[in-house]
Structures are given as structure tokens and as C-alpha cells.
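**Student:** The file below is my_file-v8.cif, mmCIF, C-alpha atoms:
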```cif
data_start
loop_
_atom_site.label_atom_id
_atom_site.label_comp_id
_atom_site.auth_asym_id
_atom_site.auth_seq_id
_atom_site.Cartn_x
_atom_site.Cartn_y
_atom_site.Cartn_z
CA MET Y 480 -55.10 -65.48 43.34
CA SER Y 481 -55.91 -66.19 39.70
CA GLU Y 482 -53.05 -66.71 37.24
CA SER Y 483 -54.66 -64.01 35.09
CA CYS Y 484 -54.61 -61.46 37.93
CA ASN Y 485 -53.70 -57.95 36.75
CA HIS Y 486 -53.13 -56.71 40.33
CA ASP Y 487 -55.87 -54.09 39.99
CA CYS Y 488 -57.88 -54.90 43.11
CA SER Y 489 -60.15 -51.89 42.61
CA SER Y 490 -61.81 -53.50 39.58
CA CYS Y 491 -61.69 -57.12 40.75
CA SER Y 492 -64.57 -59.19 42.13
CA GLN Y 493 -62.42 -62.04 43.43
CA ASN Y 494 -61.99 -62.56 47.17
CA CYS Y 495 -58.44 -63.86 47.11
CA ASP Y 496 -55.91 -63.72 49.94
CA GLU Y 497 -54.07 -60.84 48.26
CA ARG Y 498 -57.23 -58.74 48.08
CA SER Y 499 -58.18 -59.32 51.72
CA LEU Y 500 -55.11 -57.38 52.88
CA ILE Y 501 -55.51 -54.39 50.55
CA GLU Y 502 -56.53 -51.17 52.32
CA GLN Y 503 -59.00 -48.80 50.69
CA THR Y 504 -58.41 -45.09 50.35
CA ASN Y 505 -60.94 -42.72 51.87
CA GLU Y 506 -64.00 -41.61 49.92
CA PHE Y 507 -62.28 -38.38 48.86
CA SER Y 508 -59.37 -40.13 47.12
CA HIS Y 509 -59.22 -41.77 43.71
CA VAL Y 510 -55.74 -43.00 42.84
CA LYS Y 511 -55.59 -44.70 39.44
CA LYS Y 512 -52.02 -46.09 39.30
CA VAL Y 513 -49.45 -46.70 42.06
CA ILE Y 514 -45.73 -47.19 41.38
CA GLY Y 515 -43.24 -48.10 44.10
CA VAL Y 516 -39.64 -46.91 43.81
CA VAL Y 517 -37.42 -49.41 45.61
CA SER Y 518 -33.90 -50.67 46.12
CA GLY Y 519 -32.18 -53.34 48.12
CA LYS Y 520 -29.83 -50.84 49.79
CA GLY Y 521 -29.74 -47.22 50.84
CA GLY Y 522 -28.02 -44.25 49.27
CA VAL Y 523 -28.69 -45.10 45.63
CA GLY Y 524 -31.11 -42.27 44.85
CA LYS Y 525 -34.67 -43.56 45.29
CA SER Y 526 -35.94 -40.11 46.28
CA LEU Y 527 -34.24 -38.58 43.25
CA VAL Y 528 -35.84 -41.11 40.89
CA THR Y 529 -39.23 -40.78 42.61
CA SER Y 530 -39.14 -37.01 42.23
CA MET Y 531 -37.94 -37.12 38.63
CA LEU Y 532 -40.69 -39.51 37.59
CA ALA Y 533 -43.37 -37.49 39.38
CA VAL Y 534 -42.18 -34.29 37.67
CA LEU Y 535 -41.96 -35.93 34.24
CA MET Y 536 -45.43 -37.47 34.46
CA ASN Y 537 -46.76 -34.13 35.71
CA ARG Y 538 -45.26 -32.46 32.64
CA LYS Y 539 -47.09 -34.97 30.47
CA GLY Y 540 -50.34 -33.58 31.84
CA TYR Y 541 -51.10 -36.16 34.53
CA GLN Y 542 -52.11 -35.49 38.12
CA THR Y 543 -49.22 -36.92 40.14
CA ALA Y 544 -48.53 -37.52 43.81
CA ILE Y 545 -45.68 -38.70 46.02
CA LEU Y 546 -46.21 -40.79 49.14
CA ASP Y 547 -42.96 -40.55 51.08
CA ALA Y 548 -42.72 -43.93 52.82
CA ASP Y 549 -39.17 -43.35 54.03
CA ILE Y 550 -40.30 -42.37 57.52
CA THR Y 551 -36.88 -42.22 59.20
CA GLY Y 552 -35.10 -40.50 56.31
CA PRO Y 553 -37.63 -38.31 54.48
CA SER Y 554 -36.28 -35.93 51.84
CA ILE Y 555 -39.14 -35.24 49.44
CA PRO Y 556 -40.48 -32.03 51.09
CA LYS Y 557 -37.00 -30.49 51.10
CA MET Y 558 -36.51 -31.23 47.40
CA PHE Y 559 -39.73 -29.44 46.50
CA GLY Y 560 -39.35 -26.55 48.92
CA ILE Y 561 -42.33 -27.53 51.08
CA GLN Y 562 -41.82 -26.08 54.55
CA GLN Y 563 -45.33 -25.71 55.99
CA ARG Y 564 -47.01 -28.44 58.00
CA ALA Y 565 -49.87 -30.46 56.54
CA LYS Y 566 -53.37 -29.56 57.65
CA GLY Y 567 -56.40 -31.73 58.16
CA SER Y 568 -60.10 -31.89 58.89
CA GLU Y 569 -62.55 -34.41 60.28
CA GLN Y 570 -62.40 -36.16 56.91
CA GLY Y 571 -58.62 -36.65 56.88
CA ILE Y 572 -55.23 -35.07 56.20
CA PHE Y 573 -54.61 -32.82 53.21
CA PRO Y 574 -51.40 -33.39 51.25
CA GLU Y 575 -49.22 -30.39 50.56
CA ARG Y 576 -48.79 -29.32 46.94
CA THR Y 577 -45.73 -28.26 45.02
CA ALA Y 578 -45.57 -25.20 42.77
CA ASN Y 579 -46.81 -27.33 39.85
CA ASP Y 580 -49.50 -29.12 41.89
CA ILE Y 581 -47.76 -32.41 42.68
CA ARG Y 582 -49.34 -33.71 45.87
CA VAL Y 583 -46.96 -34.75 48.63
CA MET Y 584 -47.33 -36.47 51.99
CA SER Y 585 -44.33 -37.09 54.21
CA ILE Y 586 -43.72 -37.50 57.91
CA ASN Y 587 -41.75 -34.23 57.82
CA LEU Y 588 -45.03 -32.44 57.07
CA LEU Y 589 -46.40 -33.62 60.43
CA LEU Y 590 -43.41 -32.91 62.68
CA ASP Y 591 -42.96 -29.71 64.69
CA GLN Y 592 -39.39 -29.50 63.37
CA ALA Y 593 -38.17 -31.03 60.13
CA ASP Y 594 -34.91 -32.18 61.75
CA SER Y 595 -36.61 -34.03 64.61
CA PRO Y 596 -35.63 -37.72 64.54
CA VAL Y 597 -38.34 -40.33 64.17
CA ILE Y 598 -37.39 -42.94 66.78
CA TRP Y 599 -40.13 -45.48 66.22
CA ARG Y 600 -40.21 -49.25 66.04
CA GLY Y 601 -41.04 -51.03 62.80
CA PRO Y 602 -44.77 -51.70 63.35
CA ILE Y 603 -45.46 -48.03 64.14
CA ILE Y 604 -43.55 -46.89 61.06
CA ALA Y 605 -45.41 -49.40 58.88
CA GLY Y 606 -48.73 -48.29 60.36
CA THR Y 607 -47.94 -44.66 59.58
CA VAL Y 608 -47.25 -45.49 55.94
CA LYS Y 609 -50.55 -47.34 55.75
CA GLN Y 610 -52.32 -44.27 57.18
CA PHE Y 611 -50.72 -42.10 54.50
CA TRP Y 612 -52.67 -44.25 52.04
CA THR Y 613 -55.97 -44.48 53.93
CA ASP Y 614 -56.24 -41.18 55.82
CA VAL Y 615 -54.80 -38.63 53.40
CA ILE Y 616 -57.29 -36.86 51.14
CA TRP Y 617 -55.42 -37.35 47.88
CA GLY Y 618 -58.25 -36.34 45.56
CA ASP Y 619 -58.01 -37.47 41.93
CA VAL Y 620 -54.52 -38.79 41.16
CA ASP Y 621 -53.42 -40.40 37.91
CA TYR Y 622 -49.99 -41.64 39.05
CA MET Y 623 -48.83 -41.96 42.65
CA PHE Y 624 -45.15 -42.71 43.30
CA ILE Y 625 -44.16 -44.26 46.62
CA ASP Y 626 -40.65 -43.42 47.78
CA MET Y 627 -39.73 -46.57 49.70
CA PRO Y 628 -37.09 -47.03 52.40
CA PRO Y 629 -34.22 -49.36 51.47
CA GLY Y 630 -34.28 -53.08 51.93
CA THR Y 631 -36.99 -55.71 52.23
CA GLY Y 632 -38.28 -55.05 55.75
CA ASP Y 633 -41.50 -53.94 57.43
CA VAL Y 634 -42.37 -50.95 55.27
CA PRO Y 635 -41.92 -52.54 51.82
CA LEU Y 636 -43.85 -55.58 53.06
CA THR Y 637 -46.65 -53.35 54.39
CA VAL Y 638 -46.81 -51.36 51.15
CA PHE Y 639 -46.92 -54.47 48.96
CA GLN Y 640 -49.59 -56.11 51.12
CA SER Y 641 -51.74 -53.07 51.93
CA ILE Y 642 -51.58 -50.80 48.88
CA PRO Y 643 -52.60 -51.89 45.35
CA VAL Y 644 -49.19 -51.33 43.79
CA ASP Y 645 -49.34 -51.64 40.00
CA GLY Y 646 -45.59 -51.98 39.51
CA ILE Y 647 -42.18 -51.08 40.89
CA VAL Y 648 -39.08 -49.35 39.59
CA ILE Y 649 -35.80 -50.65 41.04
CA VAL Y 650 -33.05 -48.08 41.59
CA THR Y 651 -29.41 -49.08 41.71
CA SER Y 652 -25.86 -47.78 41.27
CA PRO Y 653 -22.94 -49.05 39.15
CA GLN Y 654 -20.93 -50.96 41.78
CA GLU Y 655 -20.23 -54.66 41.23
CA LEU Y 656 -22.27 -55.58 44.31
CA VAL Y 657 -25.34 -54.21 42.58
CA SER Y 658 -26.49 -57.38 40.81
CA LEU Y 659 -26.99 -59.15 44.15
CA ILE Y 660 -28.86 -56.18 45.65
CA VAL Y 661 -31.06 -55.81 42.57
CA LYS Y 662 -31.94 -59.48 42.67
CA LYS Y 663 -33.04 -59.20 46.30
CA ALA Y 664 -35.49 -56.41 45.42
CA TYR Y 665 -36.59 -58.26 42.29
CA ASN Y 666 -37.16 -61.52 44.16
CA MET Y 667 -39.24 -59.78 46.83
CA ALA Y 668 -41.43 -58.26 44.14
CA GLN Y 669 -41.83 -61.68 42.53
CA MET Y 670 -42.80 -63.25 45.85
CA MET Y 671 -45.39 -60.50 46.40
CA ASN Y 672 -46.71 -60.76 42.82
CA ILE Y 673 -45.77 -57.16 42.00
CA PRO Y 674 -44.74 -56.44 38.38
CA VAL Y 675 -41.24 -54.98 37.90
CA LEU Y 676 -41.40 -52.15 35.36
CA GLY Y 677 -37.62 -51.91 35.05
CA ILE Y 678 -34.35 -50.72 36.54
CA VAL Y 679 -32.85 -47.23 36.76
CA GLU Y 680 -29.14 -46.79 37.38
CA ASN Y 681 -28.14 -43.66 39.28
CA MET Y 682 -24.66 -42.13 39.49
CA SER Y 683 -23.74 -43.86 36.23
CA TYR Y 684 -21.15 -41.31 35.15
CA VAL Y 685 -20.07 -37.69 35.36
CA GLU Y 686 -19.84 -35.65 32.19
CA CYS Y 687 -16.73 -33.57 31.65
CA PRO Y 688 -17.82 -29.92 31.34
CA ASP Y 689 -15.05 -29.21 28.84
CA CYS Y 690 -15.11 -32.10 26.36
CA GLY Y 691 -18.39 -33.86 27.21
CA LYS Y 692 -16.69 -37.21 27.83
CA LYS Y 693 -18.55 -39.57 30.15
CA ILE Y 694 -16.32 -40.51 33.07
CA LYS Y 695 -17.46 -43.65 34.91
CA LEU Y 696 -16.28 -43.06 38.45
CA PHE Y 697 -17.40 -46.48 39.65
CA GLY Y 698 -16.08 -48.39 36.66
CA GLU Y 699 -18.01 -50.23 33.99
CA SER Y 700 -21.53 -51.17 34.99
CA ASN Y 701 -23.03 -54.64 34.60
CA ILE Y 702 -26.61 -53.45 34.98
CA GLU Y 703 -27.64 -54.27 31.40
CA GLU Y 704 -26.44 -57.85 31.88
CA THR Y 705 -28.46 -58.03 35.10
CA CYS Y 706 -31.52 -56.79 33.24
CA ARG Y 707 -31.03 -59.48 30.59
CA GLN Y 708 -30.72 -62.17 33.27
CA LEU Y 709 -33.95 -61.04 34.93
CA SER Y 710 -35.74 -60.24 31.65
CA ILE Y 711 -36.72 -56.75 32.77
CA PRO Y 712 -36.23 -53.42 30.96
CA PHE Y 713 -33.32 -51.07 31.59
CA LEU Y 714 -35.09 -47.74 31.99
CA GLY Y 715 -32.13 -45.37 31.93
CA GLU Y 716 -28.99 -44.08 33.59
CA ILE Y 717 -28.74 -40.86 35.59
CA PRO Y 718 -25.41 -39.00 35.68
CA ILE Y 719 -23.87 -37.36 38.70
CA ASP Y 720 -25.21 -33.89 38.02
CA PRO Y 721 -24.36 -30.97 40.35
CA GLN Y 722 -27.37 -29.07 38.97
CA LEU Y 723 -29.77 -31.72 40.25
CA THR Y 724 -28.13 -31.52 43.67
CA ALA Y 725 -28.32 -27.72 43.69
CA LEU Y 726 -32.01 -27.74 42.74
CA SER Y 727 -32.76 -30.31 45.44
CA ASP Y 728 -30.94 -28.29 48.09
CA ALA Y 729 -32.75 -25.12 46.99
CA GLY Y 730 -36.17 -26.79 47.05
CA GLU Y 731 -36.64 -26.12 43.33
CA PHE Y 732 -36.50 -29.63 41.92
CA GLU Y 733 -39.41 -29.00 39.55
CA ARG Y 734 -37.05 -26.83 37.50
CA MET Y 735 -34.87 -29.83 36.63
CA ILE Y 736 -34.07 -30.27 32.93
CA CYS Y 737 -32.39 -33.68 33.04
CA THR Y 738 -33.77 -35.99 30.33
CA ALA Y 739 -32.23 -39.21 31.66
CA LEU Y 740 -35.59 -40.70 32.64
CA ASP Y 741 -37.71 -39.54 29.73
CA SER Y 742 -37.82 -43.08 28.37
CA ALA Y 743 -38.69 -44.40 31.83
CA ALA Y 744 -41.69 -42.07 31.98
CA ASP Y 745 -42.71 -43.26 28.50
CA THR Y 746 -42.46 -46.88 29.65
CA ILE Y 747 -44.70 -46.20 32.65
CA GLU Y 748 -47.21 -44.46 30.41
CA GLU Y 749 -47.21 -47.37 27.95
CA ASN Y 750 -47.35 -50.21 30.49
CA LEU Y 751 -49.72 -48.52 32.95
CA PRO Y 752 -51.92 -46.37 30.70
CA CYS Y 753 -53.96 -43.73 32.46
CA GLN Y 754 -56.01 -41.08 30.70
CA ALA Y 755 -55.03 -37.60 31.85
CA ASP Y 756 -57.85 -35.54 33.34
#
```
The structure in this file should be written as C-alpha cells.
**Tutor:**
Amino acid sequence: MSESCNHDCSSCSQNCDERSLIEQTNEFSHVKKVIGVVSGKGGVGKSLVTSMLAVLMNRKGYQTAILDADITGPSIPKMFGIQQRAKGSEQGIFPERTANDIRVMSINLLLDQADSPVIWRGPIIAGTVKQFWTDVIWGDVDYMFIDMPPGTGDVPLTVFQSIPVDGIVIVTSPQELVSLIVKKAYNMAQMMNIPVLGIVENMSYVECPDCGKKIKLFGESNIEETCRQLSIPFLGEIPIDPQLTALSDAGEFERMICTALDSAADTIEENLPCQAD
């Protein structure tokens, strides 16, 4: 791979090792930019951040999509109130669409019952994620967000090797252990030559409804110091907000009014420019 590689395999004529592993979408899909949302551990809010970014970029006028790569713990359809199963044709599978036309593909859209467990081994799960990229008829998409499972195992490796990811957003929480977990995700991205767009901290604080004081339930965060050490941007902090939880549970997440990631959406737009259709 050339030192000047911009990771955009779709416009590259080089036959490097990285390119040989990249899977192509079907002829009915044109995805301009792909952003992975990752973390080194579970329970930090990757699905929340994925959904927020997709909604914010959609509000900016872009065609957005979510590929739910968390096969064993999918939550995206529930957050957007999608209950029907995905349909398909001889050409491929059609993603479901939210009320505001965000395209979504998740394993829950293919199961007979949403609460059925997916008891599959790693290679089958990784293969399914790859098929979500190759076999789904995504159409014209400006920004696709991939909601990754936690850790650095089969699925993240498959996504980084098989899908032309333009950058990742790392999600974390304020606990002291975080710096180590963040560095694991960061180091994997470095090893796979994937740019890190920045870090989002979830559950940063809760705001007192009476006085507006920010109460840091997990103590003072060291995330900004971690960002300085790794020389990557701090994209924002998300509070513990009961309204976000209520909207997620009700399947009405597109109504969210939280502005915590507005600057993160601006950063994505600036670093991965994509002309809205």
C-alpha cells in the first residue's frame, strides 16, 4: 500500500494487498463514505452514537444509512421503530427505511422473531456482516454508519478488511479503565490503516433538572488527556439523558433534540466531504 493512500479503494488503480480483500457492493448500491463506530468494550453506547450521527447527517440533507454489524446484540431497528421484516428480490435484499428515510439493515430484520437469539460461530457472523455490504440494495448513500460489536474480534477485522471504511469514531465512557480500552481500539485501527476521526464520550454526566448543574456520576474523566496522547480529536460528550432512552424505547429516536454530537457531525462533514444529492 502506498504511503499516500487515502483509503478510497473505489477510485484507486493500485493492486495492493489491502485492495485485494475489499468487497464490492452490488450494482444497485453507491455508498460514498463509510464510518465505523467502535469501542474496545461493550455497553458504552455505540448504537446510540451511530444513531445520533446518522440522524444528524440526515438533517444536514445527506442520504444516510446504518449497517448494524452487532449481529448478536442488534438494537438499531428497535430505536427507529422498525418492526417489519426486510424484503428482497433476485437482485438482493432491500434495507428498511425510517420515517425520515434513513436506510437500515440489521439481523433483526431477517429473523422471524426479534427476540430470537443468534447462536452462531464467529465466521458465520462475520460472513453475514459482509453480505450486508455486498447483497443489500443500498441505493445512493452519502454516509453509511456501521454499528460495530465491541472488541477487536472477527467482525471488526472483517469490516476493516472487506469494507472500504473511510474512518472510525471511537465511543467510550468516563471510567478510569477507559484509556486502556480506547488505546486497544485505536491501535487496531492503526494496524489496519483506518483513520480515526475522533472520540465520543457517552454517559459523561447527568444534568440536574432543577439547577442545571452537571453531576459526573463516574468521577472526573481523563478522555481529553487520552485524546492528546493519541493526537486525535475529542468529538463531544453525551449526558445521561432519560429523554434519549425514552425515545429509543418508543422507537422514535429521530425526534431526538440532543445537540451533544453536533460538532462531531461537523467534523465528519469537514474531514470526509460528500456533496448532498
**Student:** Evaluate the PyMOL selection byres ((chain Y and resi 696) around 8) and record the selected residues as a list in words, following the chain and residue labels used in the document.
**Tutor:**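 Given this file, the PyMOL selection byres ((chain Y and resi 696) around 8) evaluates to Ser683, Tyr684, Val685, Ile694, Lys695, Phe697 and Gly698 of chain Y.
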**Student:** Which residues are near Y:Ser568? Cut-off 12 Å, all atoms listed in the file, ignore same chain within fewer than 6 positions. Put them as a tab-separated table (two decimals) with C-alpha atoms, in the coordinates of the input.
**Tutor:**
```
chain	number	residue	atom	x	y	z
Y	574	PRO	CA	-51.40	-33.39	51.25
Y	614	ASP	CA	-56.24	-41.18	55.82
Y	615	VAL	CA	-54.80	-38.63	53.40
Y	616	ILE	CA	-57.29	-36.86	51.14
```
**Student:** Can you tell me, as a CSV table (one decimal) with C-alpha atoms, in the frame of the given file, what residues are no more than 8 Å from stretch 622-632 of chain Y when counting only C-alpha atoms, ignoring any on the same chain fewer than 2 positions away?
**Tutor:**
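Dumped everything to around.csv:
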```csv
chain,number,residue,atom,x,y,z
Y,510,VAL,CA,-55.7,-43.0,42.8
Y,511,LYS,CA,-55.6,-44.7,39.4
Y,512,LYS,CA,-52.0,-46.1,39.3
Y,513,VAL,CA,-49.4,-46.7,42.1
Y,514,ILE,CA,-45.7,-47.2,41.4
Y,515,GLY,CA,-43.2,-48.1,44.1
Y,516,VAL,CA,-39.6,-46.9,43.8
Y,517,VAL,CA,-37.4,-49.4,45.6
Y,518,SER,CA,-33.9,-50.7,46.1
Y,519,GLY,CA,-32.2,-53.3,48.1
Y,520,LYS,CA,-29.8,-50.8,49.8
Y,521,GLY,CA,-29.7,-47.2,50.8
Y,525,LYS,CA,-34.7,-43.6,45.3
Y,526,SER,CA,-35.9,-40.1,46.3
Y,529,THR,CA,-39.2,-40.8,42.6
Y,532,LEU,CA,-40.7,-39.5,37.6
Y,533,ALA,CA,-43.4,-37.5,39.4
Y,536,MET,CA,-45.4,-37.5,34.5
Y,541,TYR,CA,-51.1,-36.2,34.5
Y,542,GLN,CA,-52.1,-35.5,38.1
Y,543,THR,CA,-49.2,-36.9,40.1
Y,544,ALA,CA,-48.5,-37.5,43.8
Y,545,ILE,CA,-45.7,-38.7,46.0
Y,546,LEU,CA,-46.2,-40.8,49.1
Y,547,ASP,CA,-43.0,-40.6,51.1
Y,548,ALA,CA,-42.7,-43.9,52.8
Y,549,ASP,CA,-39.2,-43.4,54.0
Y,550,ILE,CA,-40.3,-42.4,57.5
Y,552,GLY,CA,-35.1,-40.5,56.3
Y,620,VAL,CA,-54.5,-38.8,41.2
Y,634,VAL,CA,-42.4,-51.0,55.3
Y,635,PRO,CA,-41.9,-52.5,51.8
Y,636,LEU,CA,-43.8,-55.6,53.1
Y,663,LYS,CA,-33.0,-59.2,46.3
Y,664,ALA,CA,-35.5,-56.4,45.4
Y,667,MET,CA,-39.2,-59.8,46.8
Y,753,CYS,CA,-54.0,-43.7,32.5
```
**Student:** Suppose you want the space between atom CA of Y:Arg734 and atom CA of Y:Trp612; what is it in Å?
**Tutor:**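 For atom CA of Y:Arg734 relative to atom CA of Y:Trp612, the distance reads 27.5 Å.
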**Student:** Provide the atom CA of Y:Glu680 to atom CA of Y:Leu714 distance in Å, to one decimal place.
**Tutor:** 8.1 Å
**Student:** I'd like the interatomic distance between atom CA of Y:Thr504 and atom CA of Y:Ser641, to a tenth of an Å.
**Tutor:**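 Distance between the two atoms: 10.5 Å.
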**Student:** Using all atoms listed in the file, pick whichever of Y:Thr607, Y:Phe559, Y:Gly618, Y:Pro752 has the shortest atom-to-atom distance to Y:Phe573.
**Tutor:**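 The answer is Y:Gly618, which sits nearest to Y:Phe573.
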**Student:** Which is closest to Y:Gly522 among Y:Val597, Y:Thr724, Y:Leu659, Y:Ser652, if we use all atoms listed in the file?
**Tutor:** Y:Ser652
